[in-house]
$ cat coords-v6.csv   # CSV, C-alpha atoms
chain,number,residue,atom,x,y,z
K,1,GLN,CA,24.3,-2.8,5.5
K,2,ALA,CA,26.6,-3.3,2.6
K,3,LYS,CA,25.4,-3.9,-0.9
K,4,GLY,CA,24.0,-7.4,-1.3
K,5,LYS,CA,26.1,-10.0,-3.0
K,6,ALA,CA,23.4,-10.5,-5.5
K,7,MET,CA,24.6,-7.3,-7.3
K,8,GLU,CA,28.1,-8.9,-7.6
K,9,LYS,CA,26.9,-12.3,-9.0
K,10,GLY,CA,25.1,-11.1,-12.1
K,11,PRO,CA,21.5,-10.8,-13.3
K,12,THR,CA,20.5,-14.4,-12.4
K,13,SER,CA,21.2,-13.8,-8.7
K,14,SER,CA,19.4,-10.4,-8.8
K,15,VAL,CA,16.3,-12.1,-10.2
K,16,ARG,CA,16.5,-14.7,-7.5
K,17,VAL,CA,16.8,-12.1,-4.8
K,18,PHE,CA,13.9,-10.1,-6.3
K,19,CYS,CA,11.7,-13.2,-6.3
K,20,GLU,CA,12.6,-14.0,-2.7
K,21,ASP,CA,11.7,-10.4,-1.7
K,22,PHE,CA,8.4,-10.8,-3.7
K,23,VAL,CA,7.5,-13.9,-1.8
K,24,ALA,CA,8.5,-12.4,1.5
K,25,GLY,CA,6.5,-9.3,0.8
K,26,GLY,CA,3.4,-11.3,-0.2
K,27,THR,CA,3.7,-13.5,2.8
K,28,ALA,CA,3.9,-10.5,5.2
K,29,ALA,CA,1.0,-8.8,3.5
K,30,ALA,CA,-1.2,-11.9,3.7
K,31,ILE,CA,-0.4,-12.4,7.4
K,32,GLY,CA,-1.0,-8.7,8.2
K,33,LYS,CA,-4.2,-8.7,6.3
K,34,THR,CA,-5.4,-11.9,8.0
K,35,ALA,CA,-4.5,-10.6,11.5
K,36,CYS,CA,-6.4,-7.3,10.9
K,37,ALA,CA,-9.4,-8.9,9.2
K,38,PRO,CA,-11.6,-9.1,12.3
K,39,LEU,CA,-11.0,-5.4,13.1
K,40,GLU,CA,-11.5,-4.3,9.5
K,41,ARG,CA,-14.7,-6.3,9.2
K,42,SER,CA,-16.1,-4.7,12.4
K,43,SER,CA,-15.1,-1.3,11.0
K,44,LEU,CA,-17.0,-2.1,7.8
K,45,LEU,CA,-20.1,-3.1,9.7
K,46,LEU,CA,-19.9,0.0,11.9
K,47,SER,CA,-19.9,2.2,8.7
K,48,ARG,CA,-23.0,0.6,7.2
K,49,PRO,CA,-25.8,2.4,9.2
K,50,ALA,CA,-27.9,4.8,7.2
K,51,LYS,CA,-26.9,7.7,9.6
K,52,PRO,CA,-23.4,7.0,10.8
K,53,VAL,CA,-22.5,8.9,14.0
K,54,ASN,CA,-19.1,10.6,14.3
K,55,VAL,CA,-18.0,9.5,17.8
K,56,GLY,CA,-14.7,9.6,19.6
K,57,LEU,CA,-12.0,7.1,19.4
K,58,PHE,CA,-12.8,5.5,22.7
K,59,LYS,CA,-16.5,5.1,21.9
K,60,GLU,CA,-15.6,3.8,18.5
K,61,SER,CA,-13.3,1.2,20.0
K,62,MET,CA,-16.0,0.1,22.4
K,63,ALA,CA,-18.4,-0.2,19.5
K,64,THR,CA,-15.9,-2.3,17.6
K,65,LEU,CA,-15.6,-4.7,20.4
K,66,SER,CA,-19.4,-4.9,20.6
K,67,VAL,CA,-19.6,-5.7,16.9
K,68,LEU,CA,-16.9,-8.4,17.2
K,69,ARG,CA,-18.8,-10.0,20.1
K,70,LYS,CA,-22.1,-9.9,18.2
K,71,SER,CA,-20.5,-11.4,15.1
K,72,ILE,CA,-19.1,-14.3,17.1
K,73,GLU,CA,-22.4,-14.9,18.7
K,74,LEU,CA,-24.3,-15.0,15.3
K,75,GLY,CA,-21.8,-16.6,13.0
K,76,GLY,CA,-19.1,-18.2,15.1
K,77,LEU,CA,-15.4,-17.2,15.3
K,78,SER,CA,-14.9,-17.9,11.6
K,79,SER,CA,-17.3,-15.2,10.6
K,80,LEU,CA,-14.7,-12.6,11.6
K,81,TRP,CA,-12.6,-13.7,8.6
K,82,GLN,CA,-15.5,-13.8,6.1
K,83,GLY,CA,-14.2,-12.6,2.7
K,84,ASN,CA,-10.6,-12.5,3.9
K,85,LEU,CA,-9.2,-14.7,1.1
K,86,ARG,CA,-10.5,-12.4,-1.5
K,87,ASN,CA,-9.0,-9.4,0.3
K,88,VAL,CA,-5.7,-11.1,0.6
K,89,LEU,CA,-5.6,-11.9,-3.1
K,90,ARG,CA,-6.3,-8.3,-3.8
K,91,VAL,CA,-3.8,-6.7,-1.5
K,92,ALA,CA,-0.9,-9.2,-1.3
K,93,PRO,CA,0.4,-8.9,-4.9
K,94,ASN,CA,0.5,-5.1,-4.6
K,95,LEU,CA,2.5,-5.1,-1.5
K,96,ALA,CA,4.7,-8.0,-2.7
K,97,PHE,CA,5.7,-5.9,-5.8
K,98,THR,CA,6.1,-2.8,-3.6
K,99,PHE,CA,8.5,-4.5,-1.1
K,100,ALA,CA,10.5,-6.3,-3.9
K,101,PHE,CA,10.9,-3.1,-6.0
K,102,MET,CA,11.8,-1.1,-2.8
K,103,ASP,CA,14.6,-3.5,-1.9
K,104,TYR,CA,15.8,-3.6,-5.6
K,105,PHE,CA,16.0,0.1,-5.9
K,106,LYS,CA,17.6,0.4,-2.4
K,107,ARG,CA,20.4,-2.1,-3.5
K,108,THR,CA,20.9,-0.1,-6.7
K,109,ILE,CA,21.2,3.4,-5.3
K,110,GLN,CA,22.7,2.6,-1.9
K,111,SER,CA,25.9,4.6,-1.3
K,112,ASN,CA,29.1,3.5,0.4
K,113,ASP,CA,28.2,5.5,3.6
K,114,ALA,CA,25.2,3.4,4.3
K,115,ALA,CA,24.8,4.4,7.9
K,116,LYS,CA,24.1,8.0,7.1
K,117,SER,CA,22.2,7.5,3.9
K,118,ARG,CA,19.9,4.5,4.8
K,119,SER,CA,16.9,6.7,5.7
K,120,LEU,CA,17.4,8.9,2.6
K,121,ASP,CA,17.7,5.7,0.4
K,122,SER,CA,14.4,4.5,1.9
K,123,TYR,CA,12.6,7.7,0.9
K,124,ILE,CA,13.9,7.5,-2.6
K,125,SER,CA,13.6,3.8,-3.2
K,126,GLY,CA,10.2,3.7,-1.6
K,127,GLY,CA,9.0,6.5,-3.9
K,128,LEU,CA,10.4,4.7,-7.0
K,129,ALA,CA,8.8,1.5,-5.9
K,130,GLY,CA,5.4,3.2,-5.4
K,131,GLY,CA,5.6,4.7,-8.9
K,132,MET,CA,6.6,1.4,-10.5
K,133,VAL,CA,3.8,-0.5,-8.8
K,134,ASN,CA,1.3,2.2,-9.8
K,135,ILE,CA,2.3,1.7,-13.4
K,136,ILE,CA,2.0,-2.1,-13.2
K,137,HIS,CA,-1.4,-2.0,-11.5
K,138,HIS,CA,-2.9,0.9,-13.4
K,139,PRO,CA,-4.1,-1.2,-16.4
K,140,LEU,CA,-5.9,-3.5,-14.0
K,141,HIS,CA,-7.7,-0.6,-12.3
K,142,VAL,CA,-8.7,0.9,-15.7
K,143,ALA,CA,-9.9,-2.5,-16.9
K,144,LYS,CA,-12.0,-3.1,-13.8
K,145,ALA,CA,-13.6,0.4,-14.1
K,146,ARG,CA,-14.3,0.1,-17.8
K,147,VAL,CA,-15.8,-3.4,-17.5
K,148,ALA,CA,-17.9,-2.4,-14.4
K,149,MET,CA,-19.2,0.7,-16.2
K,150,GLY,CA,-20.1,-1.3,-19.3
K,151,LYS,CA,-17.9,0.7,-21.6
K,152,VAL,CA,-16.6,-2.4,-23.2
K,153,ARG,CA,-18.1,-5.8,-24.0
K,154,SER,CA,-16.0,-8.6,-22.6
K,155,LYS,CA,-16.4,-11.9,-20.8
K,156,GLY,CA,-14.0,-10.8,-18.1
K,157,LEU,CA,-10.7,-9.1,-17.5
K,158,VAL,CA,-8.6,-11.5,-19.5
K,159,ASP,CA,-10.9,-11.2,-22.5
K,160,TYR,CA,-10.7,-7.4,-22.1
K,161,PHE,CA,-6.9,-7.3,-22.1
K,162,SER,CA,-6.9,-9.6,-25.1
K,163,GLN,CA,-9.4,-7.6,-27.1
K,164,THR,CA,-7.8,-4.2,-26.3
K,165,THR,CA,-4.2,-5.1,-27.1
K,166,ARG,CA,-5.3,-6.9,-30.3
K,167,LYS,CA,-7.4,-4.0,-31.6
K,168,LYS,CA,-5.7,-0.8,-30.2
K,169,GLY,CA,-2.3,-1.9,-28.9
K,170,PHE,CA,-0.7,-2.1,-25.5
K,171,GLY,CA,-0.9,1.7,-24.9
K,172,ALA,CA,-4.7,1.5,-24.9
K,173,LEU,CA,-4.6,-0.3,-21.6
K,174,PHE,CA,-3.6,2.9,-19.8
K,175,ALA,CA,-5.7,5.9,-19.0
K,176,TRP,CA,-2.8,8.4,-19.2
K,177,ARG,CA,-4.7,11.2,-17.5
K,178,GLY,CA,-5.6,8.9,-14.6
K,179,LEU,CA,-2.0,7.6,-14.4
K,180,ALA,CA,-0.6,11.0,-14.2
K,181,LEU,CA,-3.0,12.0,-11.5
K,182,SER,CA,-2.4,8.9,-9.4
K,183,MET,CA,1.4,9.0,-9.7
K,184,PRO,CA,2.1,11.8,-7.1
K,185,SER,CA,0.1,10.0,-4.5
K,186,ALA,CA,1.7,6.7,-5.1
K,187,VAL,CA,5.3,8.1,-5.1
K,188,ILE,CA,4.8,10.3,-2.0
K,189,TYR,CA,2.9,7.8,0.0
K,190,ARG,CA,5.3,4.9,-0.5
K,191,GLY,CA,8.3,7.2,-0.1
K,192,LEU,CA,7.1,8.4,3.3
K,193,PHE,CA,5.8,4.9,4.2
K,194,PHE,CA,9.3,3.4,4.0
K,195,GLY,CA,11.3,6.5,4.8
K,196,LEU,CA,9.5,7.5,8.0
K,197,TYR,CA,9.7,3.9,9.2
K,198,ASP,CA,13.4,3.7,8.7
K,199,THR,CA,13.9,7.1,10.2
K,200,GLY,CA,11.8,6.3,13.3
K,201,VAL,CA,13.4,2.9,13.8
K,202,SER,CA,16.9,4.4,13.5
K,203,ALA,CA,16.0,7.0,16.1
K,204,ALA,CA,14.5,4.4,18.4
K,205,SER,CA,17.6,2.2,18.1
K,206,LEU,CA,20.1,4.8,19.2
K,207,ASN,CA,20.3,3.3,22.7
K,208,GLY,CA,20.0,-0.3,21.7
K,209,GLU,CA,17.9,-2.5,19.4
K,210,ALA,CA,14.3,-1.4,19.2
K,211,SER,CA,11.7,-3.8,20.4
K,212,THR,CA,9.1,-5.3,18.1
K,213,LEU,CA,6.3,-3.3,19.8
K,214,THR,CA,8.3,-0.1,19.2
K,215,THR,CA,8.9,-0.8,15.6
K,216,LEU,CA,5.2,-1.6,15.2
K,217,LEU,CA,4.2,1.7,16.8
K,218,VAL,CA,6.7,3.6,14.5
K,219,ALA,CA,5.3,1.8,11.4
K,220,PHE,CA,1.7,2.6,12.5
K,221,VAL,CA,2.4,6.3,13.1
K,222,GLY,CA,4.3,6.5,9.8
K,223,THR,CA,1.5,4.9,7.9
K,224,LEU,CA,-1.0,7.3,9.3
K,225,ALA,CA,1.3,10.3,8.5
K,226,SER,CA,1.8,9.0,5.0
K,227,ALA,CA,-1.9,8.7,4.3
K,228,LEU,CA,-2.5,12.2,5.7
K,229,ALA,CA,0.3,13.7,3.5
K,230,VAL,CA,-1.3,12.4,0.2
K,231,ARG,CA,-4.8,13.5,1.1
K,232,PRO,CA,-4.6,16.7,-0.9
K,233,PHE,CA,-3.5,14.8,-4.0
K,234,ASP,CA,-6.3,12.2,-3.5
K,235,ALA,CA,-8.8,15.0,-3.1
K,236,VAL,CA,-7.8,16.6,-6.4
K,237,ARG,CA,-7.8,13.3,-8.2
K,238,SER,CA,-11.3,12.5,-6.9
K,239,ARG,CA,-12.7,15.9,-8.0
K,240,LEU,CA,-11.2,15.5,-11.5
K,241,ALA,CA,-12.5,11.9,-11.7
K,242,ARG,CA,-16.1,13.1,-10.8
K,243,ASP,CA,-16.0,16.0,-13.3
K,244,GLN,CA,-14.0,15.2,-16.5
K,245,GLU,CA,-14.4,18.8,-17.7
K,246,MET,CA,-12.9,20.4,-14.6
K,247,ARG,CA,-9.5,21.9,-15.1
K,248,LEU,CA,-6.6,20.9,-12.8
K,249,LEU,CA,-6.0,24.5,-11.4
K,250,LEU,CA,-9.7,24.8,-10.5
K,251,ALA,CA,-9.7,21.4,-8.7
K,252,VAL,CA,-6.6,22.5,-6.8
K,253,ARG,CA,-8.2,25.8,-5.8
K,254,ASN,CA,-11.4,24.1,-4.6
K,255,VAL,CA,-9.4,21.6,-2.5
K,256,GLY,CA,-7.3,24.5,-1.1
K,257,ARG,CA,-10.4,26.4,-0.1
K,258,ASP,CA,-11.7,23.3,1.8
K,259,TRP,CA,-8.3,22.4,3.3
K,260,HIS,CA,-9.7,22.0,6.8
K,261,LYS,CA,-11.7,19.0,5.6
K,262,LEU,CA,-8.5,17.2,4.8
K,263,LEU,CA,-7.7,17.1,8.5
K,264,GLN,CA,-10.9,15.5,9.5
K,265,PRO,CA,-10.7,11.7,10.2
K,266,THR,CA,-12.2,9.9,7.2
K,267,GLY,CA,-11.2,6.4,8.0
K,268,ARG,CA,-10.5,4.1,11.0
K,269,PRO,CA,-7.0,3.4,12.3
K,270,PHE,CA,-7.4,-0.3,11.8
K,271,THR,CA,-6.7,0.2,8.1
K,272,ALA,CA,-3.3,1.7,8.9
K,273,LEU,CA,-2.5,-1.2,11.3
K,274,ASN,CA,-2.6,-3.6,8.4
K,275,GLY,CA,0.1,-1.7,6.5
K,276,ALA,CA,2.2,-1.4,9.7
K,277,LEU,CA,2.0,-5.1,10.5
K,278,ALA,CA,3.0,-6.0,6.9
K,279,LEU,CA,6.0,-3.6,7.1
K,280,VAL,CA,7.2,-5.0,10.5
K,281,LEU,CA,6.6,-8.7,9.4
K,282,TYR,CA,8.5,-8.1,6.2
K,283,GLY,CA,11.5,-6.8,8.2
K,284,GLN,CA,11.4,-10.0,10.3
K,285,VAL,CA,11.2,-12.2,7.2
K,286,GLN,CA,14.0,-10.3,5.6
K,287,CYS,CA,16.3,-10.9,8.6
K,288,SER,CA,15.8,-14.6,8.4
K,289,THR,CA,16.3,-14.5,4.6
K,290,LEU,CA,19.5,-12.5,4.9
K,291,LEU,CA,20.8,-15.0,7.5
K,292,ARG,CA,20.0,-17.9,5.2
K,293,ARG,CA,21.8,-16.2,2.3
K,294,ARG,CA,24.9,-15.6,4.3
K,295,VAL,CA,25.0,-19.3,5.5
K,296,SER,CA,24.5,-20.3,1.8
K,297,ASP,CA,27.3,-18.1,0.7
K,298,LEU,CA,29.7,-19.4,3.4
K,299,ALA,CA,28.8,-23.0,2.4
$ encode --input "coords-v6.csv" --output "structure tokens"
Amino acid sequence: QAKGKAMEKGPTSSVRVFCEDFVAGGTAAAIGKTACAPLERSSLLLSRPAKPVNVGLFKESMATLSVLRKSIELGGLSSLWQGNLRNVLRVAPNLAFTFAFMDYFKRTIQSNDAAKSRSLDSYISGGLAGGMVNIIHHPLHVAKARVAMGKVRSKGLVDYFSQTTRKKGFGALFAWRGLALSMPSAVIYRGLFFGLYDTGVSAASLNGEASTLTTLLVAFVGTLASALAVRPFDAVRSRLARDQEMRLLLAVRNVGRDWHKLLQPTGRPFTALNGALALVLYGQVQCSTLLRRRVSDLA
């Protein structure tokens, strides 16, 4: 793909394109989250027993179907989407910013030989988008943690932001140690999230356009691989968060000693399906958006 015409028409058009990408990303995230809500809810119910049993994937899938049937019997079909709106409002803005920044950076760094560099551009722009979104959302995570732990007296998040910026300045909204520790995970995860998807889809499209099911499978595998790749960073960050006095090298050494634990399944694949669906849906929405832009430019 060539560079978008938005780059040629000035900053106003760039802002419009960014907003369109933001809305498209938020819409894709909301649809994906809603579609996966029954599976994620059953997964949550399965993880609640006092002594969870580590079973195989087939038995886990059968247990998930059993939970879904039981939930429908007790609370009706709507019970499968209980709390979904709250989850959508929590997830959609994050992915909306991620998709919008990814496409913005991709338009900015895209080279003339787009066919050869598209996958590389996806790795780079995805990583930059992950870092940018991490910076934007970090103050919110810090505020939630401080308010929940009772470290500050406030009437809510808005009051916390107002008090903190007025008394200590904007920089006090960031926990710089936590931001530095979370940045590698955010950059690597999103870089692989978008890069692996574009690489896989390009490989699957060598003999013709890949089907929607194929792109979904590629996105699902890429999402799982991205999550596995950042597990060491997340493990180090968790150890440092639990022990504020622990040094970074000691945490890295402890994680390295228990490296085999990083390969153990710690979550259910339904979580990755949410991200994969959002990624594929965003691509579909973008195709229709690009078509509309071209018709508008011709008119």
$ residues_around --input "coords-v6.csv" --residues "Thr27 in chain K" --least-positions-apart "5" --cutoff "9 Å" --atoms "all atoms listed in the file" --output "NGL selection string"
:K and (22 or 32 or 92 or 96 or 278 or 281-282 or 285)
$ residues_near_point --input "coords-v6.csv" --point "(9.4, 0.8, -5.2)" --cutoff "10 Å" --atoms "all atoms listed in the file" --output "MDAnalysis selection string"
chainID K and resid 95 97:106 122:134 186:187 190:191 194
$ atom_distance --input "coords-v6.csv" --atom1 "CA of Phe161 in chain K" --atom2 "CA of Ala143 in chain K"
7.7 Å
$ closest_atom_pairs --input "coords-v6.csv" --of "range 113-147 of chain K" --to "range 163-181 of chain K" --cutoff "9 Å" --atoms "only C-alpha atoms" --output "Markdown table"
| residue | atom | partner | partner_atom | distance |
| --- | --- | --- | --- | --- |
| K:Asn134 | CA | K:Leu179 | CA | 7.8 |
| K:Ile135 | CA | K:Leu179 | CA | 7.4 |
| K:His138 | CA | K:Phe174 | CA | 6.7 |
| K:Pro139 | CA | K:Leu173 | CA | 5.3 |
| K:Leu140 | CA | K:Leu173 | CA | 8.3 |
| K:Val142 | CA | K:Ala175 | CA | 6.7 |
| K:Ala143 | CA | K:Leu173 | CA | 7.4 |
$ atom_distance --input "coords-v6.csv" --atom1 "CA of Leu120 in chain K" --atom2 "CA of Gly195 in chain K"
6.9 Å
$ residues_around --input "coords-v6.csv" --residues "range 217-225 of chain K" --least-positions-apart "5" --cutoff "9 Å" --atoms "all atoms listed in the file" --output "MDAnalysis selection string"
chainID K and resid 189 192:198 200:201 204 212 230 269 272:277 279:280
$ atom_distance --input "coords-v6.csv" --atom1 "CA of Phe270 in chain K" --atom2 "CA of Cys36 in chain K"
7.1 Å
$ residues_around --input "coords-v6.csv" --residues "range 79-90 of chain K" --least-positions-apart "5" --cutoff "6 Å" --atoms "only C-alpha atoms" --output "list of chain:residue names"
K:Ala30, K:Ala37, K:Pro38
